[in-house]
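Raw contents of entry.cif, mmCIF, C-alpha atoms:
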data_protein
loop_
_atom_site.group_PDB
_atom_site.id
_atom_site.type_symbol
_atom_site.label_atom_id
_atom_site.label_comp_id
_atom_site.auth_asym_id
_atom_site.auth_seq_id
_atom_site.Cartn_x
_atom_site.Cartn_y
_atom_site.Cartn_z
ATOM 1 C CA MET U 1 71.952 74.577 -69.274
ATOM 2 C CA THR U 2 72.647 77.904 -67.621
ATOM 3 C CA ASP U 3 69.857 80.058 -66.207
ATOM 4 C CA LYS U 4 67.673 81.937 -68.620
ATOM 5 C CA LYS U 5 68.461 85.616 -68.985
ATOM 6 C CA LYS U 6 65.688 88.164 -69.424
ATOM 7 C CA ILE U 7 65.913 90.577 -72.325
ATOM 8 C CA VAL U 8 63.424 93.428 -72.706
ATOM 9 C CA TYR U 9 63.061 94.963 -76.158
ATOM 10 C CA LEU U 10 61.448 98.351 -75.788
ATOM 11 C CA GLN U 11 59.693 99.242 -79.018
ATOM 12 C CA THR U 12 58.923 102.954 -79.243
ATOM 13 C CA SER U 13 58.827 103.431 -83.002
ATOM 14 C CA GLY U 14 55.729 102.518 -84.958
ATOM 15 C CA ILE U 15 54.172 101.947 -88.350
ATOM 16 C CA ASP U 16 55.310 105.328 -89.664
ATOM 17 C CA THR U 17 58.855 103.917 -89.636
ATOM 18 C CA PRO U 18 58.212 100.317 -90.779
ATOM 19 C CA GLU U 19 61.917 99.633 -91.280
ATOM 20 C CA ARG U 20 62.310 99.816 -87.486
ATOM 21 C CA LEU U 21 59.686 97.159 -86.774
ATOM 22 C CA TYR U 22 61.481 93.969 -87.773
ATOM 23 C CA ALA U 23 64.406 94.147 -85.374
ATOM 24 C CA PRO U 24 62.552 93.546 -82.086
ATOM 25 C CA PHE U 25 60.825 90.405 -83.346
ATOM 26 C CA ILE U 26 63.866 88.979 -85.088
ATOM 27 C CA LEU U 27 66.110 89.635 -82.088
ATOM 28 C CA ALA U 28 63.546 88.281 -79.641
ATOM 29 C CA THR U 29 62.889 85.141 -81.710
ATOM 30 C CA THR U 30 66.626 84.541 -81.840
ATOM 31 C CA ALA U 31 66.918 85.089 -78.082
ATOM 32 C CA ALA U 32 64.198 82.471 -77.521
ATOM 33 C CA ALA U 33 66.112 80.065 -79.787
ATOM 34 C CA MET U 34 69.162 80.757 -77.633
ATOM 35 C CA GLY U 35 67.211 79.571 -74.617
ATOM 36 C CA GLN U 36 66.674 83.033 -73.161
ATOM 37 C CA GLU U 37 63.504 84.838 -72.047
ATOM 38 C CA PRO U 38 62.639 87.713 -74.386
ATOM 39 C CA ILE U 39 59.825 90.238 -73.918
ATOM 40 C CA VAL U 40 58.868 92.928 -76.403
ATOM 41 C CA TYR U 41 57.184 95.915 -74.759
ATOM 42 C CA PHE U 42 55.358 98.312 -77.083
ATOM 43 C CA PHE U 43 54.831 101.863 -76.058
ATOM 44 C CA ILE U 44 54.517 105.400 -77.379
ATOM 45 C CA LYS U 45 54.321 104.968 -81.184
ATOM 46 C CA GLY U 46 55.312 101.321 -80.838
ATOM 47 C CA VAL U 47 51.717 100.397 -79.948
ATOM 48 C CA THR U 48 50.654 101.058 -83.542
ATOM 49 C CA ALA U 49 52.560 97.941 -84.619
ATOM 50 C CA VAL U 50 50.336 95.619 -82.569
ATOM 51 C CA LYS U 51 46.997 97.147 -83.501
ATOM 52 C CA LYS U 52 44.981 94.455 -85.295
ATOM 53 C CA GLY U 53 45.492 94.413 -89.052
ATOM 54 C CA GLU U 54 48.482 96.783 -89.190
ATOM 55 C CA ALA U 55 51.287 94.203 -89.369
ATOM 56 C CA GLU U 56 49.602 92.518 -92.326
ATOM 57 C CA LYS U 57 50.071 95.721 -94.325
ATOM 58 C CA ILE U 58 53.807 95.986 -93.729
ATOM 59 C CA ARG U 59 56.388 94.323 -95.902
ATOM 60 C CA ILE U 60 59.826 95.699 -96.664
ATOM 61 C CA GLY U 61 62.089 94.567 -99.501
ATOM 62 C CA GLU U 62 62.808 90.854 -99.423
ATOM 63 C CA PHE U 63 61.656 90.523 -95.820
ATOM 64 C CA PRO U 64 58.500 88.550 -95.056
ATOM 65 C CA ARG U 65 55.313 90.314 -94.100
ATOM 66 C CA LEU U 66 55.622 91.768 -90.578
ATOM 67 C CA SER U 67 52.630 89.730 -89.373
ATOM 68 C CA GLU U 68 54.524 86.527 -90.252
ATOM 69 C CA VAL U 69 57.544 87.708 -88.290
ATOM 70 C CA ILE U 70 55.305 88.457 -85.294
ATOM 71 C CA ASP U 71 53.622 85.026 -85.506
ATOM 72 C CA GLN U 72 57.013 83.357 -85.645
ATOM 73 C CA ALA U 73 58.123 85.262 -82.532
ATOM 74 C CA VAL U 74 55.000 84.313 -80.587
ATOM 75 C CA GLN U 75 55.406 80.661 -81.570
ATOM 76 C CA ALA U 76 58.995 80.786 -80.375
ATOM 77 C CA GLY U 77 57.724 81.871 -76.958
ATOM 78 C CA VAL U 78 58.370 85.615 -77.147
ATOM 79 C CA LYS U 79 56.036 87.569 -74.831
ATOM 80 C CA LEU U 80 54.423 90.714 -76.201
ATOM 81 C CA MET U 81 53.255 93.452 -73.849
ATOM 82 C CA VAL U 82 51.550 96.689 -74.793
ATOM 83 C CA CYS U 83 51.069 99.998 -73.001
ATOM 84 C CA GLU U 84 47.449 100.798 -73.847
ATOM 85 C CA GLN U 85 47.744 104.272 -72.354
ATOM 86 C CA SER U 86 50.002 105.221 -75.275
ATOM 87 C CA CYS U 87 46.877 105.122 -77.447
ATOM 88 C CA MET U 88 45.484 108.040 -75.484
ATOM 89 C CA LEU U 89 48.702 109.944 -76.016
ATOM 90 C CA LEU U 90 48.450 109.382 -79.760
ATOM 91 C CA GLY U 91 44.695 110.050 -79.976
ATOM 92 C CA LEU U 92 43.942 106.445 -81.000
ATOM 93 C CA ASP U 93 41.072 104.259 -79.795
ATOM 94 C CA ARG U 94 41.950 101.986 -76.899
ATOM 95 C CA GLY U 95 42.349 98.249 -77.363
ATOM 96 C CA ASP U 96 41.990 96.298 -80.601
ATOM 97 C CA PHE U 97 45.427 94.742 -80.260
ATOM 98 C CA ILE U 98 46.562 91.420 -81.685
ATOM 99 C CA GLU U 99 45.548 88.654 -79.293
ATOM 100 C CA SER U 100 49.091 87.654 -78.422
ATOM 101 C CA ALA U 101 49.787 91.098 -76.910
ATOM 102 C CA GLN U 102 49.018 91.496 -73.193
ATOM 103 C CA VAL U 103 47.833 94.930 -72.010
ATOM 104 C CA VAL U 104 50.056 96.194 -69.192
ATOM 105 C CA GLY U 105 51.250 99.535 -67.828
ATOM 106 C CA ALA U 106 53.857 101.660 -66.141
ATOM 107 C CA ALA U 107 54.399 99.478 -63.069
ATOM 108 C CA THR U 108 55.000 96.469 -65.274
ATOM 109 C CA LEU U 109 57.596 98.191 -67.429
ATOM 110 C CA ASN U 110 59.511 99.408 -64.377
ATOM 111 C CA ASP U 111 59.369 95.943 -62.858
ATOM 112 C CA LEU U 112 60.490 94.269 -66.076
ATOM 113 C CA VAL U 113 63.415 96.617 -66.458
ATOM 114 C CA LEU U 114 64.521 96.111 -62.844
ATOM 115 C CA ASP U 115 64.411 92.354 -63.382
ATOM 116 C CA ALA U 116 65.948 92.294 -66.850
ATOM 117 C CA ASP U 117 69.497 91.276 -67.619
ATOM 118 C CA ALA U 118 69.432 93.540 -70.669
ATOM 119 C CA VAL U 119 67.178 96.211 -72.162
ATOM 120 C CA ILE U 120 67.317 97.240 -75.807
ATOM 121 C CA SER U 121 65.392 100.301 -77.005
ATOM 122 C CA LEU U 122 64.282 100.422 -80.602
ATOM 123 C CA MET Z 1 35.026 83.798 -57.539
ATOM 124 C CA THR Z 2 34.255 85.371 -54.165
ATOM 125 C CA ILE Z 3 36.869 86.961 -52.022
ATOM 126 C CA GLY Z 4 36.126 86.046 -48.416
ATOM 127 C CA LEU Z 5 38.739 87.927 -46.431
ATOM 128 C CA GLN Z 6 37.613 91.232 -44.935
ATOM 129 C CA PRO Z 7 39.785 94.149 -46.050
ATOM 130 C CA ASP Z 8 40.727 97.003 -43.722
ATOM 131 C CA LEU Z 9 40.328 99.493 -46.557
ATOM 132 C CA THR Z 10 38.895 99.409 -50.073
ATOM 133 C CA LEU Z 11 40.068 101.458 -53.022
ATOM 134 C CA ASP Z 12 37.634 101.798 -55.905
ATOM 135 C CA ALA Z 13 39.930 102.466 -58.854
ATOM 136 C CA ARG Z 14 37.383 101.471 -61.477
ATOM 137 C CA ASP Z 15 37.351 103.600 -64.630
ATOM 138 C CA LEU Z 16 40.818 104.903 -63.825
ATOM 139 C CA PHE Z 17 43.641 104.155 -66.205
ATOM 140 C CA CYS Z 18 47.340 103.484 -65.817
ATOM 141 C CA PRO Z 19 49.127 104.625 -63.732
ATOM 142 C CA SER Z 20 46.268 105.828 -61.448
ATOM 143 C CA PRO Z 21 45.242 102.444 -59.963
ATOM 144 C CA VAL Z 22 48.806 101.820 -58.800
ATOM 145 C CA LEU Z 23 49.411 105.386 -57.589
ATOM 146 C CA LYS Z 24 46.156 105.440 -55.637
ATOM 147 C CA ALA Z 25 46.794 101.975 -54.218
ATOM 148 C CA ALA Z 26 50.191 103.153 -52.965
ATOM 149 C CA GLU Z 27 48.545 106.242 -51.451
ATOM 150 C CA GLN Z 28 45.928 104.135 -49.627
ATOM 151 C CA MET Z 29 48.529 101.632 -48.490
ATOM 152 C CA ASP Z 30 50.307 104.457 -46.660
ATOM 153 C CA LYS Z 31 47.267 104.753 -44.398
ATOM 154 C CA LEU Z 32 47.513 101.124 -43.266
ATOM 155 C CA ALA Z 33 49.763 99.390 -40.789
ATOM 156 C CA PRO Z 34 51.854 96.368 -41.758
ATOM 157 C CA GLY Z 35 49.662 93.248 -41.822
ATOM 158 C CA GLN Z 36 46.494 95.162 -42.713
ATOM 159 C CA VAL Z 37 44.732 94.421 -45.979
ATOM 160 C CA LEU Z 38 43.825 96.731 -48.865
ATOM 161 C CA ARG Z 39 41.226 95.731 -51.415
ATOM 162 C CA VAL Z 40 41.636 97.271 -54.860
ATOM 163 C CA LEU Z 41 38.865 97.285 -57.460
ATOM 164 C CA ALA Z 42 39.892 98.095 -61.020
ATOM 165 C CA ASN Z 43 38.808 97.579 -64.609
ATOM 166 C CA ASP Z 44 41.781 98.907 -66.561
ATOM 167 C CA PRO Z 45 43.189 95.775 -68.216
ATOM 168 C CA ALA Z 46 46.715 97.061 -67.489
ATOM 169 C CA ALA Z 47 45.984 96.951 -63.766
ATOM 170 C CA GLU Z 48 46.032 93.157 -63.644
ATOM 171 C CA GLU Z 49 49.763 92.945 -64.214
ATOM 172 C CA ASP Z 50 50.589 96.391 -62.813
ATOM 173 C CA VAL Z 51 48.970 96.022 -59.389
ATOM 174 C CA LYS Z 52 50.459 92.552 -58.917
ATOM 175 C CA ARG Z 53 53.946 93.787 -59.794
ATOM 176 C CA TRP Z 54 53.586 96.949 -57.707
ATOM 177 C CA ALA Z 55 52.540 94.870 -54.675
ATOM 178 C CA LYS Z 56 55.471 92.500 -54.981
ATOM 179 C CA ARG Z 57 58.012 95.210 -55.721
ATOM 180 C CA ALA Z 58 56.783 97.384 -52.852
ATOM 181 C CA GLY Z 59 57.127 94.499 -50.401
ATOM 182 C CA HIS Z 60 53.429 93.682 -49.982
ATOM 183 C CA THR Z 61 51.729 90.326 -50.459
ATOM 184 C CA LEU Z 62 48.984 89.610 -52.951
ATOM 185 C CA LEU Z 63 46.598 87.440 -50.950
ATOM 186 C CA GLU Z 64 43.922 86.990 -53.564
ATOM 187 C CA PHE Z 65 43.107 88.060 -57.070
ATOM 188 C CA ALA Z 66 39.815 87.665 -58.902
ATOM 189 C CA LYS Z 67 38.827 88.510 -62.453
ATOM 190 C CA GLU Z 68 35.226 88.551 -63.599
ATOM 191 C CA GLY Z 69 34.965 89.851 -67.128
ATOM 192 C CA ARG Z 70 36.777 93.186 -66.962
ATOM 193 C CA GLN Z 71 36.330 93.539 -63.210
ATOM 194 C CA LEU Z 72 39.511 92.990 -61.240
ATOM 195 C CA THR Z 73 39.691 92.591 -57.474
ATOM 196 C CA PHE Z 74 42.925 92.406 -55.523
ATOM 197 C CA LEU Z 75 43.503 91.784 -51.844
ATOM 198 C CA VAL Z 76 46.928 93.009 -50.819
ATOM 199 C CA ARG Z 77 48.461 92.668 -47.374
ATOM 200 C CA LYS Z 78 50.775 95.478 -46.387
ATOM 201 C CA GLY Z 79 54.366 94.368 -45.879
#
Can you give me the file's structure in the form of structure tokens?
Amino acid sequence: MTDKKKIVYLQTSGIDTPERLYAPFILATTAAAMGQEPIVYFFIKGVTAVKKGEAEKIRIGEFPRLSEVIDQAVQAGVKLMVCEQSCMLLGLDRGDFIESAQVVGAATLNDLVLDADAVISL
Amino acid sequence: MTIGLQPDLTLDARDLFCPSPVLKAAEQMDKLAPGQVLRVLANDPAAEEDVKRWAKRAGHTLLEFAKEGRQLTFLVRKG
């Protein structure tokens, strides 16, 4: 097999635009199935999607509940990273993220992007 | 876990949030000569990954890392 490629999905839209929340998980799960190394990084409004309890409330059309799509991604090996400082920007309480999301910050995003083979912003 | 090595300089970045621990660590690192060691104390959960990645990217070496509850301690040798 060829070397794994790193793909960073940068999720900046949040629960106020639920139709934009499926793509990062579906793409990342597919990338994992393709033998690649996907990471979804949540920042700005994107952090609202990984606050505990929020994904359970989202379901669009015939798509499964968002929480199921997230669980599937995590099981496939997709890494989730969250910029906690975005909470401050949005006036939200810190923390209280789903357990599969790792709290990281600005240095990590820069480093990920420099290392990545591709970056997709959503 | 106890960190045994004696640092040349210590930065207390506790209660500071991203990106301050990294920015202040970079500032303090400027005061050291290559081979000297900076100790960074932090409790922002983001600092765990951020300080490690900053150190590597900036050409320094993470000698030791300890995590006790929320308390993070890094020993970084200047590159």
Dump as a PDB file with C-alpha atoms, in the frame of the given file the residues of chain U that approach chain Z to within 6 Å, counting all atoms listed in the file.
ATOM      1  CA  VAL U 103      47.833  94.930 -72.010  1.00  0.00           C
ATOM      2  CA  VAL U 104      50.056  96.194 -69.192  1.00  0.00           C
ATOM      3  CA  GLY U 105      51.250  99.535 -67.828  1.00  0.00           C
ATOM      4  CA  ALA U 107      54.399  99.478 -63.069  1.00  0.00           C
ATOM      5  CA  THR U 108      55.000  96.469 -65.274  1.00  0.00           C
TER       6      THR U 108
END
request  = Using the chain letters and residue numbers of this document, give as a list of chain:residue names the residues selected by the PyMOL selection byres ((chain U and resi 118-121) around 8).
outcome  =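 Applying the PyMOL selection byres ((chain U and resi 118-121) around 8) to the structure shown produces U:Lys6, U:Ile7, U:Val8, U:Tyr9, U:Leu10, U:Gln11, U:Thr12, U:Val113, U:Ala116, U:Asp117, U:Leu122.
Of note, CA of Cys87 in chain U and CA of Lys52 in chain U are spaced 13.4 Å apart.
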ask   = Z:Thr10, Z:Leu5, Z:Lys24, Z:Met29: which is nearest Leu63 in chain Z, counting all atoms listed in the file?
value =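 Selected residue with least distance to Leu63 in chain Z: Z:Leu5.
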Contacts of range 53-67 of chain U at 8 Å (all atoms listed in the file; same-chain gap of 2+ positions) as a short mmCIF file (atom, residue, chain, number, x, y, z; two decimals) with C-alpha atoms, in the coordinates of the input:
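File part.cif, as written:
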data_model
loop_
_atom_site.label_atom_id
_atom_site.label_comp_id
_atom_site.auth_asym_id
_atom_site.auth_seq_id
_atom_site.Cartn_x
_atom_site.Cartn_y
_atom_site.Cartn_z
CA ILE U 15 54.17 101.95 -88.35
CA PRO U 18 58.21 100.32 -90.78
CA GLU U 19 61.92 99.63 -91.28
CA LEU U 21 59.69 97.16 -86.77
CA TYR U 22 61.48 93.97 -87.77
CA THR U 48 50.65 101.06 -83.54
CA ALA U 49 52.56 97.94 -84.62
CA VAL U 50 50.34 95.62 -82.57
CA LYS U 51 47.00 97.15 -83.50
CA VAL U 69 57.54 87.71 -88.29
CA ILE U 70 55.30 88.46 -85.29
CA ASP U 71 53.62 85.03 -85.51
#
ask   = What is the CA of Phe74 in chain Z-CA of Leu114 in chain U distance in Å, reported with one decimal?
value =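 So the answer is 23.1 Å.
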Answer key for the PyMOL selection byres ((chain Z and resi 78) around 7), residues as an mmCIF file with C-alpha atoms, in the frame of the given file:
data_model
loop_
_atom_site.group_PDB
_atom_site.id
_atom_site.type_symbol
_atom_site.label_atom_id
_atom_site.label_comp_id
_atom_site.auth_asym_id
_atom_site.auth_seq_id
_atom_site.Cartn_x
_atom_site.Cartn_y
_atom_site.Cartn_z
ATOM 1 C CA MET Z 29 48.529 101.632 -48.490
ATOM 2 C CA ALA Z 33 49.763 99.390 -40.789
ATOM 3 C CA PRO Z 34 51.854 96.368 -41.758
ATOM 4 C CA GLY Z 35 49.662 93.248 -41.822
ATOM 5 C CA GLN Z 36 46.494 95.162 -42.713
ATOM 6 C CA VAL Z 37 44.732 94.421 -45.979
ATOM 7 C CA HIS Z 60 53.429 93.682 -49.982
ATOM 8 C CA THR Z 61 51.729 90.326 -50.459
ATOM 9 C CA VAL Z 76 46.928 93.009 -50.819
ATOM 10 C CA ARG Z 77 48.461 92.668 -47.374
ATOM 11 C CA GLY Z 79 54.366 94.368 -45.879
#
ask   = Hey, can you pull every residue with an atom no more than 8 Å from (63.4, 75.8, -81.3), using only C-alpha atoms, and send it as a PyMOL selection string?
value = chain U and resi 32-33+76
task = Would you be able to write out as a PyMOL selection string which residues have an atom within 10 Å of (69.9, 80.8, -68.8) in the file's coordinates, counting all atoms listed in the file?
result = chain U and resi 1-6+34-37
Straight-line distance linking CA of Leu11 in chain Z with CA of Val40 in chain Z, stated in Å to one decimal =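 Going from CA of Leu11 in chain Z over to CA of Val40 in chain Z, I get 4.8 Å.
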Hits from the PyMOL selection byres ((chain Z and resi 71) around 9), listed as a list in words =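 The output of the PyMOL selection byres ((chain Z and resi 71) around 9) on this file is Arg14, Leu41, Ala42, Asn43, Asp44, Pro45, Ala66, Lys67, Glu68, Gly69, Arg70, Leu72 and Thr73 of chain Z.
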Any chance you can output those residues with C-alpha atoms as an mmCIF file, in the coordinates of the input?
data_model
loop_
_atom_site.group_PDB
_atom_site.id
_atom_site.type_symbol
_atom_site.label_atom_id
_atom_site.label_comp_id
_atom_site.auth_asym_id
_atom_site.auth_seq_id
_atom_site.Cartn_x
_atom_site.Cartn_y
_atom_site.Cartn_z
ATOM 1 C CA ARG Z 14 37.383 101.471 -61.477
ATOM 2 C CA LEU Z 41 38.865 97.285 -57.460
ATOM 3 C CA ALA Z 42 39.892 98.095 -61.020
ATOM 4 C CA ASN Z 43 38.808 97.579 -64.609
ATOM 5 C CA ASP Z 44 41.781 98.907 -66.561
ATOM 6 C CA PRO Z 45 43.189 95.775 -68.216
ATOM 7 C CA ALA Z 66 39.815 87.665 -58.902
ATOM 8 C CA LYS Z 67 38.827 88.510 -62.453
ATOM 9 C CA GLU Z 68 35.226 88.551 -63.599
ATOM 10 C CA GLY Z 69 34.965 89.851 -67.128
ATOM 11 C CA ARG Z 70 36.777 93.186 -66.962
ATOM 12 C CA LEU Z 72 39.511 92.990 -61.240
ATOM 13 C CA THR Z 73 39.691 92.591 -57.474
#
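Shortest separation to Leu32 in chain Z among Z:Leu16, Z:Asp8, Z:Ala58, Z:Glu64 occurs at residue Z:Asp8, atoms counted being all atoms listed in the file.
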